[in-house]
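Step one of this worksheet: look at the structure below.
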Amino acid sequence: MRIFFDNAATTPIDDRVIEVMVNALRHTNGNPSSIHQEGRSARAAIEQARRQIARTLNASIGEIFFTSGGTESSNMALKRSVQDLGVRRIISARTEHHCVLHSLETIAKEGAVEIVFVDQTSNGHIQLGHLEQLLQDASQKTLVSLMHTNNEVGTLLDLEQVSALCAQYGALFHTDTVQSMGFYPIDVAKTKIAFLTGSAHKFHGPKGIGFIYINSGNIIHPYIDGGSQERNMRGGTENISGILGMAKALELATAEMDTRRAHIQGLRDYFAEQLQVHFTDLEFNGDPFGRGHYKILSVGFPPGPRTDLLLLNLDIAGVAASGGSACSSGVDVGSHVMDALKHGSPRQTLRFSFSYMNTREEVDQVVQRLKEILG
């Protein structure tokens, strides 16, 4: 039986979410833009889902827009802030997700925007003193783009502190919460954020659906042109079953957040403990037992012939883990996050990530399979 310890890449869909989606596919058949009864019913279902997500974030329903996922949402926030809000300087980090870094590369090619990277500690924390130093230059309109949770090592950003610094110096703040949405409470009424992005498949919802929160004070144009869907903000007929599935998944994740956290963190800590009992010379990347996401454990194994093909051998042994971001692991190009934090390290880095669906017995089995592989 295979064991799935790659929940930072994606999560299995909750059966309760599948039930909602199947019901939508069977009974919500109208086009939400149509004015007949079937269309109105579809529109009502979408707006109920929007209210659900807005309520979770303590946002206005007019600030939530549905997209295809985190990548589209972050592209939209970054590129439209440059084109519509006059941003001429973006401060980010070298460990951001590729949807941000590659967007910044595209923006930089146009030559009108300065891209600056803030200093980080070796475990991935943002140097807030350096961020404030960068923000003190108020000569250009600035956007700060920093993820709430690093997807490879799990390091957590202090949203409140960064938000406060941005507000103090008049900068906009965009945060990628794809890895933290549904795992940590976020209140945009208390924490000033210009743009926030989320993706359903990271919290046991369907793939290919996400959302962006756009603070009502920021007026931008559509990123995808077309019809008048999403309050004229995103063209294209809405993915009704996906939207309803995402709302249900977030509702469940929010309601069960504390019990899920206790279970997941217990698994992660037990796994780390067992690794230290049975193996030597390991390194845990990021800040897993301090300010790090409780679902992620990034482990650096010592170099050697037994660890060179460790990820492949684990897969053969029935264990799904990851060498880094799922967006680049299809090709062995190395981890840009580990390169930024521990440049030149010869260690073999594996990311294990857990969900409330995993068990302690699975942890024991993975440790046993690691022992068999590493000898």
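Ordering of the structure tokens sets the chain letters (A, B, ...), residue numbers begin anew at 1 in every chain, and ligands are numbered from 1 in the order given.
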>> DSSP on the backbone, strand (DSSP E or B) only: what residues of stretch 93-279 of chain A does that give? Format it as a ChimeraX atom specification.
In response: /A:114-117,120,126,142-145,149,155-156,172-176,181,184,195-199,210-214
For stretch 73-89 of chain A, please output as a CSV table (one decimal) with C-alpha atoms, in the first residue's frame all residues within 9 Å (counting only C-alpha atoms; exclusion window: fewer than 6 positions along the same chain).
```csv
chain,number,residue,atom,x,y,z
A,66,PHE,CA,-12.4,33.1,-8.2
A,67,THR,CA,-9.5,32.1,-10.3
A,99,CYS,CA,4.7,31.8,-9.8
A,100,VAL,CA,6.0,34.9,-8.0
A,103,SER,CA,6.3,36.9,-12.7
A,104,LEU,CA,9.0,39.2,-11.4
A,107,ILE,CA,8.0,42.3,-15.1
A,112,ALA,CA,9.9,49.9,-15.7
A,113,VAL,CA,10.0,48.2,-12.3
A,114,GLU,CA,12.9,47.7,-9.9
A,115,ILE,CA,13.0,44.2,-8.3
A,116,VAL,CA,14.7,44.0,-4.9
A,140,GLN,CA,8.9,55.0,-5.8
A,141,LYS,CA,5.5,53.3,-5.2
A,142,THR,CA,6.4,49.9,-3.7
A,143,LEU,CA,4.7,46.5,-3.4
A,144,VAL,CA,6.0,43.9,-1.0
A,145,SER,CA,5.3,40.3,-2.1
A,172,LEU,CA,1.2,47.6,-0.8
A,174,HIS,CA,0.8,40.9,-1.4
A,175,THR,CA,1.0,37.5,0.3
A,176,ASP,CA,0.8,34.0,-1.2
A,194,ALA,CA,-3.7,44.5,-0.5
A,195,PHE,CA,-3.7,41.1,-2.3
A,196,LEU,CA,-4.0,37.5,-0.9
A,197,THR,CA,-4.0,34.3,-2.9
A,198,GLY,CA,-5.3,30.8,-2.1
A,199,SER,CA,-5.7,27.4,-3.9
A,210,GLY,CA,-8.5,29.2,-6.3
A,211,PHE,CA,-9.2,32.7,-5.4
A,212,ILE,CA,-7.7,36.1,-4.9
A,213,TYR,CA,-8.6,38.6,-2.2
A,214,ILE,CA,-8.3,42.2,-3.5
A,218,ASN,CA,-7.1,48.8,-4.8
A,219,ILE,CA,-8.9,49.2,-8.2
A,220,ILE,CA,-7.4,47.1,-10.9
A,221,HIS,CA,-8.4,45.9,-14.3
A,222,PRO,CA,-9.1,42.3,-15.3
A,223,TYR,CA,-6.1,40.0,-15.8
A,224,ILE,CA,-8.1,37.8,-18.2
```
Which residues of stretch 3-58 of chain A have any atom within 10 Å of an atom in stretch 295-305 of chain A when counting only C-alpha atoms, and what is the closest pair of atoms for each, with the distance in Å to one decimal? Order the rows by chain and rising number and write it as a Markdown table.
```
| residue | atom | partner | partner_atom | distance |
| --- | --- | --- | --- | --- |
| A:Phe5 | CA | A:Ile296 | CA | 9.4 |
| A:Asp6 | CA | A:Ile296 | CA | 9.0 |
| A:Asn7 | CA | A:Lys295 | CA | 8.0 |
| A:Ala8 | CA | A:Ile296 | CA | 7.2 |
```
> Please, which residues of stretch 128-290 of chain A, numbered as in this document, come out helix (DSSP H, G or I) from DSSP, as an NGL selection string?
Replying inline: :A and (128-135 or 159-168 or 200-203 or 229-232 or 240-255 or 257-278)
> Can you list, as a VMD selection string, every protein, DNA or RNA residue that comes within 10 Å of A:Phe117 when you count only C-alpha atoms, leaving out same-chain residues fewer than 5 positions away?
Replying inline: chain A and resid 90 to 95 130 to 131 134 144 to 145
Let's have the selection written as a PDB file, in the first residue's frame, with all heavy atoms.
```pdb
ATOM      1  N   ILE A  90       9.262  46.451  -6.506  1.00  0.00           N
ATOM      2  CA  ILE A  90       8.712  45.287  -5.820  1.00  0.00           C
ATOM      3  C   ILE A  90       9.797  44.665  -4.964  1.00  0.00           C
ATOM      4  O   ILE A  90      10.897  44.363  -5.440  1.00  0.00           O
ATOM      5  CB  ILE A  90       8.162  44.244  -6.816  1.00  0.00           C
ATOM      6  CG1 ILE A  90       7.029  44.852  -7.648  1.00  0.00           C
ATOM      7  CG2 ILE A  90       7.673  42.997  -6.070  1.00  0.00           C
ATOM      8  CD1 ILE A  90       6.484  43.916  -8.713  1.00  0.00           C
ATOM      9  N   ILE A  91       9.483  44.493  -3.690  1.00  0.00           N
ATOM     10  CA  ILE A  91      10.385  43.841  -2.746  1.00  0.00           C
ATOM     11  C   ILE A  91       9.869  42.429  -2.520  1.00  0.00           C
ATOM     12  O   ILE A  91       8.710  42.239  -2.153  1.00  0.00           O
ATOM     13  CB  ILE A  91      10.446  44.597  -1.407  1.00  0.00           C
ATOM     14  CG1 ILE A  91      10.928  46.039  -1.617  1.00  0.00           C
ATOM     15  CG2 ILE A  91      11.345  43.860  -0.415  1.00  0.00           C
ATOM     16  CD1 ILE A  91      10.820  46.904  -0.359  1.00  0.00           C
ATOM     17  N   SER A  92      10.724  41.443  -2.732  1.00  0.00           N
ATOM     18  CA  SER A  92      10.315  40.059  -2.551  1.00  0.00           C
ATOM     19  C   SER A  92      11.483  39.279  -1.952  1.00  0.00           C
ATOM     20  O   SER A  92      12.436  39.862  -1.430  1.00  0.00           O
ATOM     21  CB  SER A  92       9.857  39.461  -3.891  1.00  0.00           C
ATOM     22  OG  SER A  92       9.223  38.226  -3.697  1.00  0.00           O
ATOM     23  N   ALA A  93      11.405  37.936  -2.010  1.00  0.00           N
ATOM     24  CA  ALA A  93      12.460  37.078  -1.466  1.00  0.00           C
ATOM     25  C   ALA A  93      12.840  36.023  -2.494  1.00  0.00           C
ATOM     26  O   ALA A  93      12.020  35.614  -3.316  1.00  0.00           O
ATOM     27  CB  ALA A  93      11.993  36.406  -0.175  1.00  0.00           C
ATOM     28  N   ARG A  94      14.060  35.551  -2.429  1.00  0.00           N
ATOM     29  CA  ARG A  94      14.553  34.580  -3.395  1.00  0.00           C
ATOM     30  C   ARG A  94      13.950  33.190  -3.188  1.00  0.00           C
ATOM     31  O   ARG A  94      14.101  32.312  -4.036  1.00  0.00           O
ATOM     32  CB  ARG A  94      16.074  34.492  -3.338  1.00  0.00           C
ATOM     33  CG  ARG A  94      16.752  35.817  -3.707  1.00  0.00           C
ATOM     34  CD  ARG A  94      18.255  35.683  -3.809  1.00  0.00           C
ATOM     35  NE  ARG A  94      18.892  36.978  -4.029  1.00  0.00           N
ATOM     36  CZ  ARG A  94      18.997  37.584  -5.206  1.00  0.00           C
ATOM     37  NH1 ARG A  94      18.492  36.988  -6.286  1.00  0.00           N
ATOM     38  NH2 ARG A  94      19.578  38.758  -5.317  1.00  0.00           N
ATOM     39  N   THR A  95      13.257  32.998  -2.066  1.00  0.00           N
ATOM     40  CA  THR A  95      12.660  31.694  -1.766  1.00  0.00           C
ATOM     41  C   THR A  95      11.169  31.656  -2.069  1.00  0.00           C
ATOM     42  O   THR A  95      10.482  30.707  -1.692  1.00  0.00           O
ATOM     43  CB  THR A  95      12.878  31.346  -0.280  1.00  0.00           C
ATOM     44  OG1 THR A  95      12.357  32.415   0.530  1.00  0.00           O
ATOM     45  CG2 THR A  95      14.348  31.155   0.030  1.00  0.00           C
ATOM     46  N   HIS A 130      16.130  44.602   7.584  1.00  0.00           N
ATOM     47  CA  HIS A 130      16.487  44.919   6.204  1.00  0.00           C
ATOM     48  C   HIS A 130      15.256  45.313   5.402  1.00  0.00           C
ATOM     49  O   HIS A 130      15.312  46.233   4.569  1.00  0.00           O
ATOM     50  CB  HIS A 130      17.182  43.730   5.545  1.00  0.00           C
ATOM     51  CG  HIS A 130      17.692  44.022   4.168  1.00  0.00           C
ATOM     52  ND1 HIS A 130      17.451  43.208   3.087  1.00  0.00           N
ATOM     53  CD2 HIS A 130      18.420  45.073   3.690  1.00  0.00           C
ATOM     54  CE1 HIS A 130      18.011  43.727   2.008  1.00  0.00           C
ATOM     55  NE2 HIS A 130      18.613  44.857   2.342  1.00  0.00           N
ATOM     56  N   LEU A 131      14.135  44.637   5.665  1.00  0.00           N
ATOM     57  CA  LEU A 131      12.898  45.009   4.978  1.00  0.00           C
ATOM     58  C   LEU A 131      12.527  46.452   5.300  1.00  0.00           C
ATOM     59  O   LEU A 131      12.167  47.229   4.391  1.00  0.00           O
ATOM     60  CB  LEU A 131      11.765  44.073   5.390  1.00  0.00           C
ATOM     61  CG  LEU A 131      10.376  44.402   4.812  1.00  0.00           C
ATOM     62  CD1 LEU A 131      10.395  44.354   3.286  1.00  0.00           C
ATOM     63  CD2 LEU A 131       9.324  43.444   5.360  1.00  0.00           C
ATOM     64  N   LEU A 134      14.709  48.833   3.418  1.00  0.00           N
ATOM     65  CA  LEU A 134      14.307  48.956   2.017  1.00  0.00           C
ATOM     66  C   LEU A 134      13.054  49.818   1.877  1.00  0.00           C
ATOM     67  O   LEU A 134      12.923  50.611   0.940  1.00  0.00           O
ATOM     68  CB  LEU A 134      14.058  47.576   1.420  1.00  0.00           C
ATOM     69  CG  LEU A 134      15.280  46.671   1.260  1.00  0.00           C
ATOM     70  CD1 LEU A 134      14.850  45.268   0.813  1.00  0.00           C
ATOM     71  CD2 LEU A 134      16.275  47.259   0.270  1.00  0.00           C
ATOM     72  N   VAL A 144       5.272  44.964  -1.634  1.00  0.00           N
ATOM     73  CA  VAL A 144       6.009  43.885  -0.985  1.00  0.00           C
ATOM     74  C   VAL A 144       5.256  42.585  -1.268  1.00  0.00           C
ATOM     75  O   VAL A 144       4.051  42.491  -1.028  1.00  0.00           O
ATOM     76  CB  VAL A 144       6.123  44.111   0.531  1.00  0.00           C
ATOM     77  CG1 VAL A 144       6.718  42.893   1.224  1.00  0.00           C
ATOM     78  CG2 VAL A 144       6.971  45.352   0.820  1.00  0.00           C
ATOM     79  N   SER A 145       5.954  41.575  -1.807  1.00  0.00           N
ATOM     80  CA  SER A 145       5.347  40.283  -2.113  1.00  0.00           C
ATOM     81  C   SER A 145       6.108  39.194  -1.366  1.00  0.00           C
ATOM     82  O   SER A 145       7.222  38.822  -1.751  1.00  0.00           O
ATOM     83  CB  SER A 145       5.368  40.010  -3.622  1.00  0.00           C
ATOM     84  OG  SER A 145       4.788  38.760  -3.906  1.00  0.00           O
TER      85      SER A 145
END
```
> Leaving out A:Gln48 and any residue of its chain fewer than 2 positions from it, which residues lie within 12 Å of it when counting only C-alpha atoms, given as a list in words?
Replying inline: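 Within the cut-off, the hits are Ser41, Ala42, Arg43, Ala44, Ala45, Ile46, Arg50, Arg51, Gln52, Ile53, Ala54, Arg55, Ile61, Ile64, Ile240, Ile243, Leu244, Gly245, Met246, Ala247 and Lys248 of chain A.
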